[in-house]
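Pasted below: my_file-v6.txt, compact mmCIF, C-alpha atoms.
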# COMPACT_ATOMS: atom_id res chain seq x y z
CA MET A 1 30.04 118.05 102.34
CA GLN A 2 29.85 114.86 100.34
CA GLY A 3 31.99 111.83 101.17
CA GLU A 4 34.40 110.10 98.85
CA SER A 5 33.01 108.24 95.91
CA PRO A 6 33.78 104.50 95.63
CA ALA A 7 36.20 105.27 92.78
CA GLN A 8 38.05 107.85 94.88
CA ALA A 9 38.20 105.43 97.81
CA ARG A 10 39.63 102.71 95.58
CA GLU A 11 42.18 105.15 94.16
CA ALA A 12 43.23 106.28 97.65
CA SER A 13 43.45 102.68 98.81
CA GLY A 14 45.55 101.80 95.78
CA THR A 15 47.87 104.75 96.44
CA TRP A 16 48.46 103.69 100.03
CA GLN A 17 48.98 100.10 98.94
CA ARG A 18 51.63 101.20 96.43
CA ILE A 19 53.36 103.30 99.09
CA LEU A 20 53.36 100.51 101.68
CA SER A 21 54.56 97.92 99.16
CA SER A 22 57.38 100.12 97.86
CA PRO A 23 60.97 99.60 99.02
CA SER A 24 61.33 103.39 98.98
CA LEU A 25 59.40 103.54 102.26
CA ALA A 26 61.89 101.09 103.78
CA VAL A 27 64.75 103.27 102.50
CA ALA A 28 63.18 106.40 104.03
CA SER A 29 62.53 104.61 107.32
CA ALA A 30 66.08 103.22 107.43
CA LEU A 31 67.58 106.65 106.79
CA THR A 32 65.34 108.32 109.37
CA LEU A 33 66.27 105.76 112.02
CA ARG A 34 70.00 106.08 111.34
CA LEU A 35 69.89 109.87 111.36
CA LEU A 36 67.92 109.87 114.61
CA LEU A 37 70.47 107.59 116.29
CA LEU A 38 73.30 109.69 114.84
CA TRP A 39 71.74 112.81 116.36
CA LEU A 40 71.31 111.08 119.72
CA SER A 41 74.93 109.91 119.68
CA HIS A 42 76.22 113.48 119.18
CA HIS A 43 73.55 115.56 120.92
CA GLY A 44 74.99 117.79 123.62
CA GLU A 45 78.54 116.43 123.36
CA ASP A 46 81.79 118.38 123.22
CA PRO A 47 83.07 117.89 119.61
CA SER A 48 86.65 117.75 120.89
CA HIS A 49 85.68 114.94 123.29
CA PRO A 50 83.12 112.76 121.49
CA ARG A 51 80.85 110.64 123.63
CA LEU A 52 81.22 107.53 121.46
CA PHE A 53 84.47 106.47 119.80
CA THR A 54 84.47 106.36 115.98
CA VAL A 55 86.95 104.08 114.19
CA GLY A 56 88.64 105.05 110.93
CA LEU A 57 91.64 107.28 111.57
CA GLU A 58 93.65 105.96 108.60
CA ALA A 59 90.97 106.94 106.11
CA HIS A 60 90.52 110.28 107.87
CA LEU A 61 94.22 111.14 107.67
CA VAL A 62 94.35 110.33 103.96
CA ALA A 63 91.12 112.28 103.32
CA GLN A 64 92.57 115.23 105.23
CA ASN A 65 95.73 115.18 103.12
CA LEU A 66 93.63 115.01 99.95
CA ALA A 67 91.63 118.04 101.10
CA ASN A 68 94.89 119.86 101.88
CA GLY A 69 96.06 119.27 98.32
CA LYS A 70 98.94 116.97 99.33
CA GLY A 71 97.50 113.95 97.57
CA PHE A 72 96.89 110.36 98.67
CA PHE A 73 99.31 110.57 101.58
CA GLY A 74 99.97 109.56 105.16
CA PRO A 75 97.54 106.98 106.58
CA TYR A 76 99.54 106.66 109.83
CA PRO A 77 100.81 109.24 112.31
CA GLY A 78 104.41 110.06 111.39
CA TYR A 79 104.13 108.50 107.91
CA ASP A 80 103.90 111.47 105.56
CA LEU A 81 104.50 109.67 102.26
CA PRO A 82 102.41 108.56 99.27
CA THR A 83 100.44 105.45 100.13
CA ALA A 84 98.45 102.61 98.63
CA CYS A 85 97.49 100.92 101.89
CA LEU A 86 93.87 102.06 101.41
CA ALA A 87 91.56 101.72 98.44
CA PRO A 88 90.95 105.20 96.99
CA VAL A 89 87.17 105.66 96.69
CA TYR A 90 86.12 106.15 100.31
CA PRO A 91 88.99 108.53 101.28
CA PHE A 92 88.26 110.61 98.18
CA LEU A 93 84.58 110.82 99.15
CA TRP A 94 85.50 111.73 102.71
CA ALA A 95 87.90 114.39 101.41
CA ILE A 96 84.81 116.25 100.15
CA GLY A 97 83.61 116.54 103.74
CA ASN A 98 87.03 117.67 104.93
CA LYS A 99 87.04 120.35 102.25
CA LEU A 100 83.49 121.51 103.03
CA PHE A 101 84.11 121.73 106.77
CA HIS A 102 87.63 123.18 106.57
CA LEU A 103 89.33 120.11 108.04
CA GLN A 104 87.39 120.23 111.32
CA PHE A 105 87.65 116.71 112.73
CA GLY A 106 84.21 116.55 114.36
CA ALA A 107 82.34 117.99 111.38
CA SER A 108 84.17 115.85 108.82
CA THR A 109 83.54 112.73 110.93
CA LEU A 110 79.86 113.61 110.99
CA PHE A 111 79.98 113.96 107.19
CA ALA A 112 81.43 110.42 106.90
CA GLN A 113 78.74 109.06 109.21
CA LEU A 114 76.05 110.78 107.12
CA MET A 115 77.50 109.17 103.99
CA ASN A 116 77.43 105.78 105.67
CA CYS A 117 73.81 106.26 106.77
CA ALA A 118 72.82 107.12 103.20
CA PHE A 119 74.71 104.13 101.75
CA SER A 120 73.21 101.78 104.33
CA ALA A 121 69.66 103.00 103.80
CA ALA A 122 69.98 102.86 99.99
CA THR A 123 70.94 99.18 100.24
CA CYS A 124 67.25 98.44 100.82
CA TRP A 125 66.63 98.96 97.08
CA PRO A 126 68.93 96.24 95.70
CA ILE A 127 67.94 93.93 98.56
CA PHE A 128 64.32 94.26 97.46
CA GLY A 129 65.28 93.70 93.83
CA ILE A 130 67.32 90.58 94.57
CA GLY A 131 64.72 89.08 96.91
CA ARG A 132 61.97 89.70 94.39
CA LYS A 133 63.93 88.22 91.50
CA ILE A 134 64.89 85.01 93.26
CA PHE A 135 61.91 84.43 95.54
CA SER A 136 58.97 86.82 95.55
CA ALA A 137 58.04 90.47 95.96
CA ARG A 138 56.92 89.71 99.51
CA VAL A 139 60.31 88.21 100.43
CA GLY A 140 62.07 91.12 98.77
CA LEU A 141 60.03 93.71 100.65
CA ALA A 142 60.36 91.93 103.99
CA SER A 143 64.14 91.70 103.44
CA ALA A 144 64.34 95.42 102.73
CA TRP A 145 62.46 96.17 105.95
CA LEU A 146 64.61 93.79 107.96
CA TRP A 147 67.69 95.57 106.64
CA ALA A 148 66.21 98.91 107.71
CA PHE A 149 66.27 97.70 111.34
CA PHE A 150 69.20 95.26 111.11
CA PRO A 151 71.53 96.00 114.07
CA TYR A 152 74.82 95.62 112.18
CA ALA A 153 73.61 97.80 109.31
CA ILE A 154 72.90 100.51 111.88
CA LEU A 155 76.04 99.95 113.98
CA TYR A 156 78.55 100.08 111.13
CA SER A 157 77.03 103.18 109.59
CA LEU A 158 77.71 105.03 112.85
CA GLU A 159 80.70 103.40 114.54
CA TRP A 160 83.10 102.86 111.60
CA THR A 161 84.02 105.70 109.25
CA TRP A 162 85.19 103.12 106.75
CA ASP A 163 84.01 101.64 103.45
CA GLN A 164 81.89 98.74 104.76
CA CYS A 165 78.48 100.41 104.18
CA LEU A 166 79.41 101.46 100.65
CA SER A 167 80.86 97.98 100.00
CA ALA A 168 77.59 96.34 101.09
CA LEU A 169 75.62 98.64 98.80
CA LEU A 170 77.93 98.05 95.83
CA LEU A 171 77.99 94.27 96.18
CA ALA A 172 74.19 94.16 96.45
CA VAL A 173 73.91 96.34 93.33
CA ILE A 174 76.39 94.08 91.51
CA VAL A 175 74.32 90.99 92.27
CA TRP A 176 71.16 92.80 91.19
CA VAL A 177 72.77 93.91 87.92
CA THR A 178 74.16 90.40 87.37
CA PHE A 179 70.58 89.13 87.25
CA LEU A 180 69.60 91.97 84.92
CA LEU A 181 72.32 90.92 82.48
CA ARG A 182 70.44 87.66 81.99
CA GLU A 183 67.72 89.83 80.48
CA SER A 184 69.80 92.20 78.39
CA ALA A 185 73.51 92.05 77.66
CA SER A 186 73.79 95.09 75.40
CA SER A 187 77.17 96.69 74.76
CA LEU A 188 76.27 99.58 77.06
CA ALA A 189 75.15 97.17 79.83
CA LEU A 190 78.40 95.19 79.58
CA THR A 191 80.44 98.39 79.76
CA GLY A 192 78.51 99.54 82.81
CA TYR A 193 78.95 96.13 84.44
CA GLY A 194 82.72 96.24 84.00
CA LEU A 195 82.88 99.80 85.34
CA LEU A 196 80.70 98.86 88.31
CA TRP A 197 83.07 96.05 89.22
CA ALA A 198 86.03 98.43 88.89
CA PHE A 199 84.40 101.04 91.14
CA ALA A 200 83.59 98.36 93.72
CA THR A 201 87.16 97.07 93.60
CA LEU A 202 88.56 100.57 94.08
CA THR A 203 86.30 100.78 97.13
CA ASN A 204 87.08 97.33 98.55
CA PRO A 205 89.43 95.12 96.49
CA ALA A 206 88.29 91.99 98.36
CA LEU A 207 85.06 92.17 96.33
CA CYS A 208 86.77 91.46 93.01
CA VAL A 209 87.44 87.85 94.03
CA LEU A 210 83.80 87.22 93.10
CA LEU A 211 84.08 88.58 89.55
CA PRO A 212 85.24 85.34 87.85
CA PHE A 213 82.56 83.34 89.68
CA PHE A 214 79.81 85.72 88.64
CA LEU A 215 81.01 85.74 85.03
CA GLY A 216 81.11 81.94 85.14
CA TRP A 217 77.52 81.89 86.33
CA LEU A 218 76.52 84.24 83.52
CA LEU A 219 78.32 82.06 80.95
CA LEU A 220 76.21 79.05 81.89
CA ARG A 221 72.76 78.64 80.37
CA HIS A 222 70.11 78.18 83.07
CA GLY A 223 66.75 76.88 81.93
CA ALA A 224 65.06 79.46 79.75
CA GLY A 225 67.54 82.15 80.72
CA ARG A 226 70.08 83.41 78.23
CA SER A 227 73.77 82.89 78.85
CA LEU A 228 76.49 85.47 78.34
CA SER A 229 78.80 84.85 75.40
CA PHE A 230 82.52 84.34 75.96
CA ALA A 231 83.23 87.50 73.95
CA SER A 232 80.92 89.50 76.21
CA ALA A 233 82.58 88.14 79.34
CA THR A 234 85.97 89.04 77.88
CA LYS A 235 84.75 92.57 77.23
CA VAL A 236 83.63 92.92 80.86
CA LEU A 237 87.06 91.79 82.05
CA ALA A 238 88.85 94.13 79.65
CA ILE A 239 86.82 97.14 80.77
CA PHE A 240 87.37 96.18 84.40
CA ILE A 241 91.16 96.00 83.92
CA LEU A 242 91.30 99.23 81.93
CA ALA A 243 89.31 101.06 84.62
CA ILE A 244 91.62 99.79 87.39
CA MET A 245 94.83 100.45 85.45
CA PRO A 246 95.17 104.22 86.11
CA TRP A 247 95.25 103.62 89.86
CA THR A 248 97.71 100.75 89.44
CA ILE A 249 99.99 102.96 87.32
CA ARG A 250 99.73 105.70 89.93
CA ASN A 251 100.78 103.22 92.60
CA TYR A 252 103.76 102.05 90.54
CA TYR A 253 105.21 105.54 90.23
CA GLN A 254 104.07 107.02 93.56
CA VAL A 255 104.64 104.08 95.88
CA GLY A 256 107.54 102.46 94.05
CA GLY A 257 106.33 99.05 92.94
CA PHE A 258 103.47 97.09 91.41
CA VAL A 259 100.36 97.41 93.57
CA PHE A 260 97.01 96.31 92.12
CA VAL A 261 94.79 98.44 94.38
CA LYS A 262 96.05 98.13 97.97
CA SER A 263 99.55 97.41 99.18
CA ASN A 264 98.88 96.07 102.67
CA PHE A 265 98.07 92.37 102.14
CA GLY A 266 101.49 91.28 103.45
CA MET A 267 101.08 93.29 106.64
CA GLU A 268 97.54 91.98 107.20
CA LEU A 269 98.67 88.39 106.65
CA TRP A 270 101.53 88.89 109.11
CA LEU A 271 99.29 90.52 111.74
CA GLY A 272 97.26 87.30 111.79
CA ASN A 273 100.17 84.86 111.51
CA ASN A 274 103.10 85.53 113.82
CA PRO A 275 104.25 84.26 117.24
CA THR A 276 102.59 87.13 119.15
CA VAL A 277 99.04 86.55 117.85
CA GLN A 278 96.38 86.32 120.53
CA HIS A 279 92.90 85.19 119.50
CA VAL A 280 92.79 86.26 115.81
CA ASP A 281 95.43 88.96 115.30
CA SER A 282 98.18 91.15 116.78
CA GLN A 283 96.88 94.66 116.18
CA GLN A 284 99.37 96.09 118.66
CA PHE A 285 101.93 95.81 115.83
CA ASN A 286 99.79 97.60 113.29
CA ALA A 287 101.57 100.64 111.83
CA MET A 288 98.73 102.78 113.18
CA SER A 289 99.87 102.10 116.76
CA ASP A 290 103.48 100.85 116.46
CA LYS A 291 106.07 103.50 115.56
CA ASN A 292 108.68 100.84 114.82
CA GLN A 293 106.53 99.55 111.98
CA VAL A 294 106.19 103.10 110.64
CA VAL A 295 109.98 103.43 110.58
CA LEU A 296 110.27 100.12 108.70
CA LEU A 297 107.65 101.34 106.23
CA ILE A 298 109.57 104.54 105.59
CA LEU A 299 112.93 102.79 105.18
CA SER A 300 111.65 99.91 103.04
CA GLY A 301 108.79 101.45 101.09
CA GLU A 302 105.31 99.93 101.14
CA PRO A 303 105.80 97.22 98.46
CA ASN A 304 109.06 95.95 99.95
CA TYR A 305 107.74 96.17 103.51
CA ASN A 306 104.65 94.14 102.67
CA ARG A 307 106.59 91.55 100.68
CA ALA A 308 108.89 91.08 103.68
CA LYS A 309 105.92 90.73 106.05
CA GLN A 310 104.30 88.24 103.67
CA ARG A 311 107.48 86.12 103.62
CA GLU A 312 107.59 86.17 107.43
CA ALA A 313 103.95 85.13 107.65
CA VAL A 314 104.31 82.32 105.09
CA ALA A 315 107.41 81.04 106.88
CA TYR A 316 105.55 81.03 110.18
CA ILE A 317 102.59 79.18 108.64
CA LYS A 318 104.86 76.52 107.14
CA ALA A 319 106.67 76.07 110.45
CA HIS A 320 103.43 75.88 112.48
CA PRO A 321 100.72 74.22 110.35
CA GLY A 322 98.74 73.12 113.40
CA ILE A 323 98.59 76.65 114.79
CA PHE A 324 97.55 77.90 111.35
CA VAL A 325 94.64 75.44 111.23
CA GLU A 326 93.62 76.57 114.71
CA HIS A 327 93.86 80.16 113.50
CA LEU A 328 91.56 79.37 110.56
CA ALA A 329 89.04 77.82 112.94
CA LYS A 330 89.11 80.89 115.20
CA GLY A 331 88.69 83.17 112.20
CA PHE A 332 85.72 81.15 111.00
CA ALA A 333 84.13 81.25 114.45
CA ASP A 334 84.70 84.97 114.82
CA THR A 335 83.19 85.69 111.40
CA TRP A 336 79.96 83.84 112.12
CA ALA A 337 79.63 84.17 115.91
CA ALA A 338 81.64 87.33 116.75
CA ILE A 339 83.29 85.46 119.64
CA TYR A 340 86.30 87.79 119.79
CA ASP A 341 84.87 90.80 117.99
CA SER A 342 82.11 91.26 120.55
CA TYR A 343 84.72 92.16 123.17
CA ARG A 344 86.64 94.48 120.84
CA GLU A 345 83.98 96.60 119.09
CA PRO A 346 83.95 99.93 120.99
CA TRP A 347 80.19 100.59 120.90
CA ILE A 348 79.28 97.02 121.80
CA LYS A 349 81.61 97.21 124.79
CA ILE A 350 80.31 100.62 125.90
CA PHE A 351 76.73 99.34 126.05
CA HIS A 352 77.80 96.04 127.69
CA LEU A 353 76.30 93.94 124.90
CA SER A 354 79.23 91.60 124.25
CA ARG A 355 77.54 88.37 125.33
CA ALA A 356 74.23 89.37 123.76
CA ASN A 357 76.01 90.17 120.50
CA ILE A 358 77.61 86.71 120.39
CA TRP A 359 74.24 85.02 120.76
CA PHE A 360 72.59 87.32 118.24
CA CYS A 361 75.36 86.91 115.66
CA LEU A 362 75.45 83.12 116.03
CA SER A 363 71.65 82.81 115.85
CA PHE A 364 71.42 85.09 112.83
CA SER A 365 74.22 83.19 111.04
CA LEU A 366 72.57 79.82 111.67
CA LEU A 367 69.18 81.07 110.46
CA SER A 368 70.67 82.59 107.31
CA PHE A 369 72.64 79.43 106.50
CA ALA A 370 69.51 77.34 107.00
CA GLY A 371 67.68 79.63 104.60
CA MET A 372 70.51 79.41 102.08
CA ILE A 373 70.52 75.61 102.19
CA LEU A 374 66.76 75.47 101.73
CA ALA A 375 66.97 77.87 98.80
CA LEU A 376 69.77 75.89 97.14
CA ARG A 377 67.85 72.65 97.55
CA SER A 378 64.72 74.21 96.09
CA SER A 379 66.45 75.68 93.02
CA TRP A 380 70.20 76.16 93.18
CA GLN A 381 70.81 77.96 89.90
CA PRO A 382 69.27 81.40 90.61
CA VAL A 383 70.46 81.30 94.24
CA LEU A 384 74.07 80.46 93.34
CA PRO A 385 75.47 84.03 93.05
CA LEU A 386 74.30 84.89 96.56
CA ALA A 387 75.58 81.61 97.98
CA LEU A 388 78.97 82.09 96.28
CA ALA A 389 79.30 85.55 97.79
CA VAL A 390 78.41 84.28 101.27
CA LEU A 391 80.86 81.36 101.12
CA ILE A 392 83.79 82.89 99.22
CA LEU A 393 84.14 86.50 100.34
CA PRO A 394 84.93 85.82 104.03
CA ALA A 395 87.45 83.08 103.19
CA SER A 396 90.38 85.45 102.55
CA TYR A 397 89.90 86.91 106.01
CA TYR A 398 90.16 83.49 107.65
CA VAL A 399 93.74 83.37 106.34
CA THR A 400 94.71 86.90 107.40
CA HIS A 401 92.59 88.05 110.33
CA THR A 402 88.90 88.59 110.85
CA SER A 403 86.55 91.30 111.98
CA LEU A 404 82.77 91.29 111.94
CA ARG A 405 82.75 94.40 109.75
CA TYR A 406 84.70 92.51 107.05
CA ARG A 407 81.62 90.31 106.69
CA HIS A 408 79.29 93.27 106.29
CA PRO A 409 79.26 93.32 102.43
CA ILE A 410 77.48 89.94 102.46
CA ASP A 411 75.07 90.82 105.28
CA PRO A 412 72.35 91.88 102.77
CA PHE A 413 72.32 88.33 101.38
CA LEU A 414 72.22 86.83 104.88
CA VAL A 415 69.18 89.02 105.58
CA ILE A 416 67.47 87.75 102.40
CA PHE A 417 68.17 84.12 103.29
CA THR A 418 66.85 84.65 106.82
CA VAL A 419 63.61 86.15 105.52
CA TYR A 420 63.31 83.31 102.99
CA LEU A 421 63.68 80.76 105.79
CA PHE A 422 60.73 82.23 107.68
CA ALA A 423 58.76 82.54 104.44
CA ARG A 424 59.32 78.83 103.83
CA LEU A 425 58.38 77.92 107.38
CA PHE A 426 55.26 80.05 107.58
CA GLY A 427 54.33 81.05 104.03
CA GLY A 428 55.36 78.22 101.75
CA ALA A 429 57.73 80.34 99.64
CA ARG A 430 59.95 78.65 97.07
CA ALA A 431 63.01 79.71 95.16
CA THR A 432 62.58 80.41 91.47
CA ARG A 433 62.52 77.22 89.45
CA PRO A 434 64.97 77.06 86.51
CA SER A 435 62.07 76.89 84.05
CA ASP A 436 60.59 80.04 85.55
CA GLU A 437 63.84 82.01 85.86
CA SER A 438 63.46 84.05 82.69
CA ALA A 439 59.97 85.16 83.69
CA ALA A 440 61.10 85.99 87.21
CA LEU A 441 64.03 88.06 85.97
CA SER A 442 61.72 90.17 83.86
CA ALA A 443 59.24 90.73 86.68
CA VAL A 444 61.21 93.36 88.56
CA HIS A 445 60.72 97.08 87.99
Please rewrite the model in this file as structure tokens.
Amino acid sequence: MQGESPAQAREASGTWQRILSSPSLAVASALTLRLLLLWLSHHGEDPSHPRLFTVGLEAHLVAQNLANGKGFFGPYPGYDLPTACLAPVYPFLWAIGNKLFHLQFGASTLFAQLMNCAFSAATCWPIFGIGRKIFSARVGLASAWLWAFFPYAILYSLEWTWDQCLSALLLAVIVWVTFLLRESASSLALTGYGLLWAFATLTNPALCVLLPFFLGWLLLRHGAGRSLSFASATKVLAIFILAIMPWTIRNYYQVGGFVFVKSNFGMELWLGNNPTVQHVDSQQFNAMSDKNQVVLLILSGEPNYNRAKQREAVAYIKAHPGIFVEHLAKGFADTWAAIYDSYREPWIKIFHLSRANIWFCLSFSLLSFAGMILALRSSWQPVLPLALAVLILPASYYVTHTSLRYRHPIDPFLVIFTVYLFARLFGGARATRPSDESAALSAVH
């Protein structure tokens, strides 16, 4: 039997090189790891008494009502009315699982966890694309692999049956597509961009705060890159508003007042700003656990209830500005160091990792910020969308109340900045120079 010819050996070597340098391998590895840990977390357990607590009952109740044919109803026990306290996309997706598994709680929860694992693993693709566009293919690939094993990306895909994994995927895709628009701003691309923003907003309305900043970045001419015209930016906004409008109209007639996407901002602001707050919030008065709040919701209606809570919160802030500043500082610290969250997250507590999580979160945040600063100093223009997302998105939660999972949509960018930092320290990587931006944007697959 003859051995391989040199040509065959080169072809085989090239095939393996393409496989190893592809982000698809990172996606497959990330999904395999998450599914393995999901299996371990459920293996041999009694479905009626799960071994590890999964958070997300509000979304589950709404998804269950959707599967029952009742509609977007009842996010809290005892509150069997139309609601807008949740964004619609994730409950609708979860309703598919409830329908498939005939409303069995354990099976439908597993379905939500499987969705989260898929969303989390798929995020490796846009991470690679963004890292490659701004820095290099090596940084992009290393970032994708870091995300595959990133503890929070694994934790939130399993512990929280909520929208955070899908939000992280959508925001990463939005940033990736934002760079692509510098290459081609066709009518179809602009329409898709507006629809993508609308879908992301109907998943997590906090994301839409970045839309004007991203459009502003696209409107500016950067080096050899092409800028978006004002008419094109207006078209994106118009499509975005038109795509959101059906849900807003539904809220007006079903809930009884104008609600853009979600109705619960007033309640969230009040939970973080009232005399009973300890640390960063007062979740004991959340309607999920406080029947008195459910009664007030029923009697007032969601819009009126949340407006009243917002007035109470604003009055408290005005009367106690010093406490409010202290609250902002605690929210900032919890976002970037998980000082309070580490003692509240169920899975972190179960495995006795609270102190370790604080040190890990703080170290990771410092490394990512150092990478972001280095990247901005090297060439701020192509890095600006990522930096804006990192700095702006968590700010609204400082005012209301914080949770480490609220930060998760920007974790892909923190991973990229962390990898870039080490690439600068050990590999001499640089951010894309403005004069090279057009070439870099066209280099991605």
Closest to Ser120 of chain A among A:Ser167, A:Asn65, A:Asn304, A:Thr418, using only C-alpha atoms?
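Residue with the minimum atom-to-atom distance to Ser120 of chain A: A:Ser167.
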Distance in Å - atom CA of Ser289 of chain A versus atom CA of His327 of chain A:
23.0 Å
Choose the residue, out of A:Ala84, A:Leu40, A:Leu297, A:Ala59, that has the smallest atom-to-atom separation from Gly257 of chain A; count all atoms listed in the file.
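Ranked by minimum distance to Gly257 of chain A, first place goes to A:Ala84.
Between Leu171 of chain A and the residues A:Ala148, A:Leu57, A:Leu207, A:Ile154, the shortest atom-to-atom distance, using all atoms listed in the file, involves A:Leu207.
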Quick one: residues within 10 Å of Thr32 of chain A, all atoms listed in the file counted, chain neighbours fewer than 3 positions away excluded, as a PyMOL selection string?
chain A and resi 26-29+35-38+117-118+121+148
Identify which of the residues A:Gln64, A:Thr161, A:Asn116, A:Thr335 lies closest to Val399 of chain A, counting all atoms listed in the file when measuring atom-to-atom distances.
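Comparing A:Gln64, A:Thr161, A:Asn116, A:Thr335 against Val399 of chain A, the winner is A:Thr335.
Of the listed residues (A:Ile358, A:Phe111, A:Leu31, A:Ala137), A:Leu31 comes nearest to Phe149 of chain A; the distances count all atoms listed in the file.
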Given the choices A:Asn274, A:Thr178, A:Ser365, A:Ser263, which gets closest to Phe332 of chain A if the distance is worked out from all atoms listed in the file?
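Closest residue, counting all atoms listed in the file: A:Ser365.
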Find the spatial neighbours of Phe128 of chain A, counting all atoms listed in the file, within a cut-off of 7 Å - ignore same-chain residues fewer than 3 positions away - and output them as number ranges by chain.
A: 23, 124-125, 131-132, 140-141, 143-144
As number ranges by chain, please: the residues near Ser363 of chain A (cut-off 12 Å, all atoms listed in the file, same-chain neighbours under 5 positions excluded).
A: 336-338, 356-358, 368-370, 414, 418
Which neighbours of Thr203 of chain A fall inside 12 Å, counting all atoms listed in the file, when residues of the same chain fewer than 5 positions from it are skipped, and could you give them as a ChimeraX atom specification?
/A:59,86-93,162-171,196-198,208,244,247,261-262,409
What lies within 6 Å of Ser282 of chain A using only C-alpha atoms, ignoring chain neighbours under 2 positions off, as an NGL selection string?
:A and (271 or 277 or 284)
